[in-house]
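> Structure: upload-v8.txt, compact mmCIF, C-alpha atoms.
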```
# COMPACT_ATOMS: atom_id res chain seq x y z
CA MET Z 1 2.86 -103.50 31.09
CA PRO Z 2 3.11 -105.55 27.90
CA GLN Z 3 6.59 -106.85 27.12
CA LEU Z 4 8.30 -105.00 24.29
CA LEU Z 5 9.73 -107.07 21.49
CA SER Z 6 13.47 -106.89 20.95
CA ARG Z 7 14.94 -105.51 17.73
CA ARG Z 8 15.82 -109.08 16.69
CA GLU Z 9 12.26 -110.32 17.29
CA LEU Z 10 10.78 -107.43 15.32
CA ILE Z 11 13.11 -108.09 12.43
CA ALA Z 12 12.40 -111.80 12.51
CA GLY Z 13 8.66 -111.17 12.31
CA ALA Z 14 9.00 -108.68 9.49
CA ILE Z 15 11.35 -110.63 7.25
CA SER Z 16 10.95 -114.22 8.40
CA THR Z 17 11.05 -115.48 4.84
CA LEU Z 18 14.62 -114.25 4.33
CA PRO Z 19 17.70 -116.37 5.13
CA LEU Z 20 19.58 -115.65 8.31
CA ALA Z 21 22.50 -114.15 6.42
CA ALA Z 22 20.21 -111.43 5.05
CA MET Z 23 19.36 -110.05 8.48
CA PRO Z 24 20.80 -106.58 9.06
CA ARG Z 25 23.99 -105.82 10.89
CA PRO Z 26 23.73 -104.00 14.24
CA SER Z 27 24.19 -100.28 13.85
CA GLY Z 28 27.31 -98.40 14.83
CA LEU Z 29 30.87 -99.51 15.36
CA LEU Z 30 31.27 -103.28 15.63
CA ILE Z 31 34.47 -104.75 17.10
CA ASP Z 32 34.93 -108.45 17.77
CA THR Z 33 37.43 -108.61 20.63
CA HIS Z 34 37.81 -112.38 20.74
CA ILE Z 35 38.48 -114.61 17.75
CA HIS Z 36 40.83 -117.56 17.29
CA LEU Z 37 42.20 -118.37 13.83
CA PHE Z 38 44.01 -121.60 12.91
CA ALA Z 39 45.93 -122.14 9.70
CA ALA Z 40 44.85 -124.84 7.28
CA ASP Z 41 48.50 -125.28 6.28
CA ARG Z 42 49.85 -127.31 9.20
CA GLU Z 43 53.24 -127.74 7.59
CA ARG Z 44 53.87 -124.00 7.40
CA PHE Z 45 52.11 -123.22 10.70
CA PRO Z 46 52.31 -126.35 12.87
CA TYR Z 47 50.79 -126.61 16.30
CA HIS Z 48 53.28 -126.44 19.15
CA LYS Z 49 54.53 -129.64 20.79
CA ASN Z 50 52.91 -128.40 24.04
CA ALA Z 51 49.56 -127.59 22.42
CA PRO Z 52 46.82 -128.38 24.97
CA TYR Z 53 44.38 -129.15 22.13
CA GLN Z 54 44.44 -129.46 18.34
CA PRO Z 55 41.44 -127.74 16.78
CA PRO Z 56 40.34 -127.99 13.15
CA ALA Z 57 41.39 -125.27 10.75
CA ALA Z 58 39.74 -121.84 10.92
CA ASP Z 59 41.81 -120.25 8.20
CA LEU Z 60 42.20 -116.58 7.38
CA ALA Z 61 41.24 -117.27 3.77
CA ASP Z 62 37.86 -118.58 4.93
CA TYR Z 63 37.41 -115.82 7.51
CA LYS Z 64 37.85 -112.93 5.10
CA PRO Z 65 34.55 -113.49 3.20
CA PHE Z 66 32.68 -113.53 6.51
CA VAL Z 67 34.31 -110.26 7.55
CA ALA Z 68 33.20 -108.66 4.28
CA GLN Z 69 29.65 -109.94 4.63
CA SER Z 70 29.17 -109.15 8.33
CA LYS Z 71 30.83 -105.72 8.03
CA VAL Z 72 32.67 -106.11 11.34
CA ASP Z 73 34.88 -103.01 11.67
CA HIS Z 74 37.81 -104.46 13.61
CA VAL Z 75 38.84 -107.80 15.08
CA VAL Z 76 41.18 -108.71 17.93
CA ILE Z 77 42.82 -112.06 17.25
CA VAL Z 78 43.36 -113.79 20.57
CA HIS Z 79 46.52 -115.80 20.00
CA PRO Z 80 45.45 -119.38 20.76
CA GLU Z 81 47.13 -121.96 22.96
CA PRO Z 82 47.82 -124.53 20.21
CA TYR Z 83 50.55 -122.23 18.89
CA GLN Z 84 51.90 -121.41 22.37
CA ASP Z 85 54.59 -118.71 22.01
CA ASP Z 86 55.00 -119.12 18.24
CA HIS Z 87 53.20 -116.09 16.79
CA SER Z 88 53.92 -116.88 13.15
CA TYR Z 89 50.29 -117.25 12.17
CA LEU Z 90 49.27 -114.11 14.01
CA GLU Z 91 51.97 -112.28 12.05
CA TYR Z 92 50.69 -113.84 8.83
CA CYS Z 93 47.20 -112.56 9.62
CA PHE Z 94 48.54 -109.04 10.20
CA GLU Z 95 50.36 -109.15 6.89
CA ASN Z 96 47.39 -110.51 4.93
CA GLU Z 97 44.46 -108.70 6.56
CA ALA Z 98 41.45 -107.48 4.62
CA SER Z 99 42.36 -103.81 5.11
CA PRO Z 100 45.28 -102.00 6.77
CA GLY Z 101 44.97 -102.01 10.57
CA PHE Z 102 41.93 -104.28 10.55
CA PHE Z 103 43.41 -106.76 13.03
CA LYS Z 104 44.75 -106.24 16.50
CA GLY Z 105 46.21 -109.13 18.47
CA THR Z 106 47.01 -110.58 21.83
CA CYS Z 107 50.18 -112.53 22.50
CA LEU Z 108 51.07 -115.50 24.70
CA PHE Z 109 54.44 -115.87 26.42
CA ASP Z 110 55.69 -117.83 29.39
CA PRO Z 111 56.06 -115.49 32.38
CA LEU Z 112 58.77 -117.73 33.82
CA ALA Z 113 60.96 -118.02 30.71
CA PRO Z 114 64.19 -115.98 30.82
CA HIS Z 115 63.83 -114.45 27.35
CA THR Z 116 60.13 -113.57 27.56
CA LEU Z 117 60.43 -109.84 28.23
CA PRO Z 118 62.72 -109.05 25.29
CA ARG Z 119 60.62 -111.26 23.03
CA ILE Z 120 57.46 -109.34 23.92
CA GLU Z 121 59.22 -106.07 23.28
CA ALA Z 122 60.54 -107.31 19.91
CA LEU Z 123 57.07 -108.41 18.77
CA THR Z 124 55.46 -105.12 19.73
CA LYS Z 125 58.19 -103.16 17.96
CA LYS Z 126 57.77 -105.26 14.83
CA TYR Z 127 54.03 -104.48 14.75
CA PRO Z 128 53.62 -101.05 16.38
CA GLY Z 129 50.20 -100.56 17.95
CA ARG Z 130 48.98 -104.00 16.92
CA ILE Z 131 49.74 -106.19 19.96
CA VAL Z 132 47.19 -104.83 22.41
CA ALA Z 133 47.23 -107.45 25.18
CA LEU Z 134 49.08 -110.37 26.67
CA ARG Z 135 46.99 -113.33 27.71
CA VAL Z 136 47.45 -115.07 31.06
CA HIS Z 137 45.71 -118.38 31.81
CA GLN Z 138 44.59 -119.32 35.33
CA MET Z 139 42.48 -122.41 34.72
CA HIS Z 140 43.78 -124.87 37.32
CA GLU Z 141 41.59 -126.24 40.08
CA ARG Z 142 41.62 -125.17 43.72
CA ASP Z 143 43.68 -128.16 44.82
CA GLU Z 144 46.21 -127.92 41.97
CA ARG Z 145 49.53 -126.18 42.24
CA PRO Z 146 50.51 -123.62 39.58
CA SER Z 147 52.52 -125.01 36.69
CA THR Z 148 56.22 -124.31 36.20
CA GLY Z 149 56.74 -125.87 32.77
CA GLY Z 150 55.01 -127.47 29.81
CA ALA Z 151 52.11 -125.65 28.22
CA ILE Z 152 52.06 -121.90 28.89
CA LYS Z 153 49.22 -121.70 31.37
CA ASN Z 154 48.50 -121.62 35.08
CA ARG Z 155 51.78 -120.02 36.10
CA ASP Z 156 51.94 -118.70 39.66
CA LEU Z 157 50.43 -115.22 39.88
CA ASP Z 158 52.55 -114.56 42.97
CA ASP Z 159 55.84 -115.35 41.24
CA PRO Z 160 58.09 -112.25 40.95
CA ARG Z 161 58.55 -113.01 37.25
CA MET Z 162 54.80 -112.73 36.75
CA LYS Z 163 54.96 -109.25 38.25
CA LYS Z 164 57.77 -108.32 35.88
CA LEU Z 165 55.55 -109.48 33.01
CA TRP Z 166 52.70 -107.22 34.13
CA ARG Z 167 55.13 -104.33 34.51
CA LYS Z 168 56.48 -104.89 30.99
CA ALA Z 169 52.93 -104.98 29.62
CA GLY Z 170 52.28 -101.62 31.24
CA ASP Z 171 55.50 -100.17 29.86
CA LEU Z 172 54.45 -101.29 26.36
CA ASP Z 173 50.90 -99.92 26.79
CA MET Z 174 49.42 -103.42 26.59
CA ALA Z 175 46.55 -104.86 28.56
CA ILE Z 176 46.70 -108.09 30.53
CA GLN Z 177 43.92 -110.39 29.37
CA VAL Z 178 43.14 -113.03 32.00
CA HIS Z 179 41.41 -116.30 31.15
CA PHE Z 180 40.46 -117.74 34.53
CA LYS Z 181 38.16 -119.72 36.74
CA PRO Z 182 36.23 -117.51 39.17
CA PHE Z 183 38.00 -118.54 42.38
CA HIS Z 184 41.21 -116.96 41.06
CA ALA Z 185 39.62 -113.49 41.19
CA PRO Z 186 41.13 -112.37 44.54
CA ARG Z 187 44.67 -113.07 43.32
CA ILE Z 188 43.95 -111.26 40.06
CA ALA Z 189 42.70 -108.33 42.14
CA LYS Z 190 45.97 -108.22 44.03
CA LEU Z 191 47.95 -107.77 40.79
CA ALA Z 192 45.42 -105.41 39.23
CA ARG Z 193 45.63 -103.23 42.33
CA GLU Z 194 49.44 -103.25 42.37
CA PHE Z 195 49.64 -102.42 38.66
CA SER Z 196 46.84 -99.90 38.57
CA ASP Z 197 48.09 -98.34 35.33
CA VAL Z 198 47.71 -101.65 33.44
CA ALA Z 199 44.33 -102.37 31.85
CA VAL Z 200 43.03 -105.81 32.83
CA VAL Z 201 40.57 -107.65 30.57
CA LEU Z 202 38.53 -110.45 32.15
CA ASP Z 203 37.63 -113.12 29.63
CA HIS Z 204 34.29 -114.84 29.12
CA LEU Z 205 32.25 -113.18 31.89
CA GLY Z 206 34.73 -114.67 34.36
CA ARG Z 207 33.41 -118.14 33.45
CA SER Z 208 30.85 -117.75 36.22
CA GLY Z 209 29.39 -121.21 35.63
CA MET Z 210 32.69 -122.81 36.63
CA GLY Z 211 32.56 -121.62 40.22
CA THR Z 212 30.25 -120.94 43.14
CA ALA Z 213 28.03 -117.91 43.64
CA ALA Z 214 30.55 -116.67 46.21
CA ASP Z 215 33.34 -117.04 43.64
CA PHE Z 216 31.44 -114.92 41.15
CA GLU Z 217 30.90 -112.24 43.76
CA GLU Z 218 34.68 -112.02 43.97
CA VAL Z 219 34.78 -111.59 40.19
CA LEU Z 220 32.28 -108.74 40.46
CA LYS Z 221 34.41 -107.11 43.17
CA LEU Z 222 37.12 -106.68 40.54
CA ALA Z 223 34.93 -103.89 39.15
CA GLU Z 224 35.92 -101.79 42.16
CA LEU Z 225 39.32 -101.43 40.49
CA PRO Z 226 38.99 -98.86 37.68
CA ASN Z 227 41.54 -100.60 35.43
CA THR Z 228 39.46 -103.79 35.07
CA ASN Z 229 37.22 -104.55 32.09
CA MET Z 230 34.74 -107.37 31.54
CA LYS Z 231 34.47 -109.17 28.21
CA PHE Z 232 31.02 -110.32 27.17
CA SER Z 233 32.08 -113.54 25.45
CA GLY Z 234 31.97 -117.27 26.09
CA TRP Z 235 28.44 -116.85 27.44
CA ARG Z 236 27.89 -120.61 27.21
CA TYR Z 237 30.31 -121.02 30.14
CA SER Z 238 27.78 -119.20 32.30
CA SER Z 239 24.78 -121.22 31.14
CA LYS Z 240 23.30 -124.67 31.58
CA GLN Z 241 21.04 -124.23 28.57
CA GLU Z 242 21.40 -124.23 24.82
CA HIS Z 243 21.29 -121.16 22.59
CA PRO Z 244 20.31 -118.42 23.35
CA TYR Z 245 21.47 -119.24 26.91
CA ARG Z 246 18.66 -117.37 28.67
CA ASP Z 247 19.69 -118.56 32.13
CA ALA Z 248 22.93 -116.55 31.81
CA LYS Z 249 21.04 -113.26 31.71
CA PRO Z 250 21.23 -112.63 35.50
CA VAL Z 251 25.02 -113.08 35.30
CA VAL Z 252 25.22 -110.59 32.43
CA ARG Z 253 23.06 -108.10 34.30
CA LYS Z 254 25.25 -108.34 37.40
CA ALA Z 255 28.36 -107.84 35.28
CA TYR Z 256 26.77 -104.83 33.57
CA ASP Z 257 25.71 -103.31 36.89
CA ALA Z 258 29.22 -103.78 38.29
CA PHE Z 259 31.40 -102.74 35.35
CA GLY Z 260 29.07 -100.56 33.29
CA PRO Z 261 29.13 -100.13 29.50
CA ASP Z 262 32.34 -98.09 29.59
CA ARG Z 263 34.21 -101.17 30.85
CA MET Z 264 32.46 -103.93 28.92
CA ILE Z 265 33.45 -105.23 25.50
CA TRP Z 266 31.99 -107.87 23.17
CA GLY Z 267 33.79 -110.87 21.73
CA GLY Z 268 33.01 -114.11 19.94
CA LEU Z 269 30.93 -112.90 16.99
CA GLY Z 270 31.70 -116.05 15.03
CA LYS Z 271 33.29 -116.99 11.74
CA SER Z 272 30.15 -117.53 9.68
CA MET Z 273 26.98 -115.52 9.16
CA ALA Z 274 24.94 -118.21 10.94
CA ASP Z 275 27.14 -117.92 14.03
CA PHE Z 276 27.21 -114.13 13.74
CA ASP Z 277 23.44 -113.93 13.74
CA LYS Z 278 23.26 -116.16 16.80
CA ALA Z 279 25.77 -113.94 18.59
CA VAL Z 280 23.72 -110.85 17.77
CA GLU Z 281 20.57 -112.61 18.99
CA VAL Z 282 22.26 -113.42 22.30
CA PHE Z 283 23.53 -109.86 22.64
CA ASP Z 284 20.08 -108.38 22.01
CA LEU Z 285 18.52 -110.76 24.54
CA MET Z 286 21.12 -110.20 27.25
CA PHE Z 287 21.21 -106.40 26.97
CA ASP Z 288 17.57 -105.65 26.19
CA PHE Z 289 17.42 -103.59 29.41
CA ALA Z 290 20.22 -101.23 28.33
CA SER Z 291 19.88 -98.04 26.33
CA GLU Z 292 20.98 -98.05 22.72
CA ALA Z 293 23.80 -95.65 23.61
CA ASP Z 294 25.15 -98.09 26.20
CA ARG Z 295 24.72 -101.08 23.88
CA ALA Z 296 26.71 -99.21 21.23
CA LYS Z 297 29.56 -98.85 23.74
CA ILE Z 298 29.65 -102.58 24.41
CA ARG Z 299 29.40 -103.44 20.70
CA GLY Z 300 32.46 -101.41 19.82
CA LEU Z 301 33.00 -97.96 21.28
CA THR Z 302 34.54 -99.18 24.54
CA ALA Z 303 36.85 -101.57 22.68
CA LYS Z 304 37.91 -98.74 20.38
CA LYS Z 305 39.19 -96.80 23.40
CA LEU Z 306 40.68 -99.80 25.16
CA TYR Z 307 42.50 -101.25 22.13
CA ARG Z 308 42.99 -98.02 20.17
CA CYS Z 309 41.24 -99.43 17.11
```
What do you get writing this file as structure tokens?

Amino acid sequence: MPQLLSRRELIAGAISTLPLAAMPRPSGLLIDTHIHLFAADRERFPYHKNAPYQPPAADLADYKPFVAQSKVDHVVIVHPEPYQDDHSYLEYCFENEASPGFFKGTCLFDPLAPHTLPRIEALTKKYPGRIVALRVHQMHERDERPSTGGAIKNRDLDDPRMKKLWRKAGDLDMAIQVHFKPFHAPRIAKLAREFSDVAVVLDHLGRSGMGTAADFEEVLKLAELPNTNMKFSGWRYSSKQEHPYRDAKPVVRKAYDAFGPDRMIWGGLGKSMADFDKAVEVFDLMFDFASEADRAKIRGLTAKKLYRC
């Protein structure tokens, strides 16, 4: 049977003389569930003293024109590590968004800090319905012990205070968004099973390229728990190639077969039209086996339900 051309390939052949930015937007609801923004004004919005990295600016003022051009319907700002538990710039983005309710956000707090739970509650009350998840980092190596101080990451998942954090997230109708290396999956499963009423979002395809095949099988087993959701983002972490990362397609297919379109969301659509078009190209390549109805779920409909956009 001859191979069918993807929508992107057909478009490219038909209008190859047009610039990338002129290529049409995917149909239906479009929600980017994973974007980091960084203020250009470092005096007003400084990076935290415990910032693990110091990225260049990706300012809201520069992001707004892209949003208008790409016609993305909603965006979830994933509060980035350089700001640690200072959510001032996230709040600024809420208060200066392109249209009311356009942004949702995650938050980042230290599970071990004594004032974390009331601070989470205060932030969610200040912005009702806008803080949709709390991010937990589990990026340490197998032979490393969990951290107890410094940058907010790699805290012990078995610590009773971590469990209180998950319980508070559930009480506030927030998801737990886990950024992790694949070998941490069994411990994530333990918490996801205990707190079965808390939605769990697994970042970046579980970073399958940063573990063994057996590790990734443990990530896929998380799909057996109905409260888990896989984010199609960070696809480069599952690839050894350059764009469009074709060698990651088997990983994506396994994730799709395990979680299904009703528990998969899309993130990382970029901050420029060039990056946006590349993201759409990758999406079309990775999900060319899926029906348009299922692709529409991953592009936005599933995120709408999960994050109440």
> Could you check which of Z:Arg119, Z:Phe183, Z:Phe276, Z:Trp235 is closest to Val72 (chain Z), using only C-alpha atoms?
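Residue with the minimum atom-to-atom distance to Val72 (chain Z): Z:Phe276.
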> For Ala296 (chain Z), which residue out of Z:Ala189, Z:Met264, Z:Leu29, Z:Ala258 is the nearest one, using only C-alpha atoms?
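Closest candidate: Z:Leu29.
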> Mind giving me the straight-line distance from CA of Met230 (chain Z) to CA of Ile152 (chain Z) in Å, one decimal?
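Separation between CA of Met230 (chain Z) and CA of Ile152 (chain Z): 22.8 Å.
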> Of the residues Z:Thr124, Z:Asn96, Z:His87, Z:Arg145, which is the one nearest to Lys64 (chain Z), using only C-alpha atoms?
Z:Asn96
> Between Z:Asp247, Z:Asp262, Z:Glu95, Z:Asp203, single out the one closest to Met286 (chain Z), counting all atoms listed in the file.
Z:Asp247
> Which residue, Z:Ser272, Z:Thr116, Z:Gln84, Z:Ser208, has the smallest gap to Val251 (chain Z) when you use only C-alpha atoms?
Z:Ser208
> List the spatial neighbours of Glu224 (chain Z) as a PyMOL selection string - criterion: any atom at most 12 Å away, all atoms listed in the file, same-chain residues fewer than 4 positions off excluded.
chain Z and resi 189+192-193+196+217-220+228-229+255+257-260+263
> Calculated over all atoms listed in the file, which of the candidates Z:Ala213, Z:Val136, Z:Ile31, Z:Ile176 has the smallest distance to Arg308 (chain Z)?
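Smallest distance to Arg308 (chain Z) is found for Z:Ile31.
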> Mind pulling up the distance from CA of Arg25 (chain Z) to CA of Asp284 (chain Z)?
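Distance reported for this atom pair: 12.1 Å.
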> Find the distance between CA of Phe103 (chain Z) and CA of Ala303 (chain Z) and write it in Å to one decimal.
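Computing the Euclidean distance for CA of Phe103 (chain Z) and CA of Ala303 (chain Z) yields 12.8 Å.
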> Give me the residues within 8 Å of Val282 (chain Z) as an MDAnalysis selection string, counting only C-alpha atoms and dropping any in the same chain fewer than 5 places off.
chainID Z and resid 243:245
> Residues proximal to (25.0, -99.2, 29.8) were defined as those with any atom within 6 Å of that point in the file's coordinates, counting all atoms listed in the file. Which are they, as a ChimeraX atom specification?
/Z:260-261,290,294
> At a cut-off of 9 Å, using all atoms listed in the file, what residues contact region 165-174 of chain Z? Leave out same-chain residues fewer than 2 positions from it and give the result as a ChimeraX atom specification.
/Z:106,111-112,116-117,120-121,124,129,131-134,160-163,176,191,195,197-199,307
> If we count only C-alpha atoms, what is near Glu81 (chain Z) at a cut-off of 9 Å, once residues fewer than 3 positions away on the same chain are taken out, given as an MDAnalysis selection string?
chainID Z and resid 47:48 50:53 84:85 108 151:153
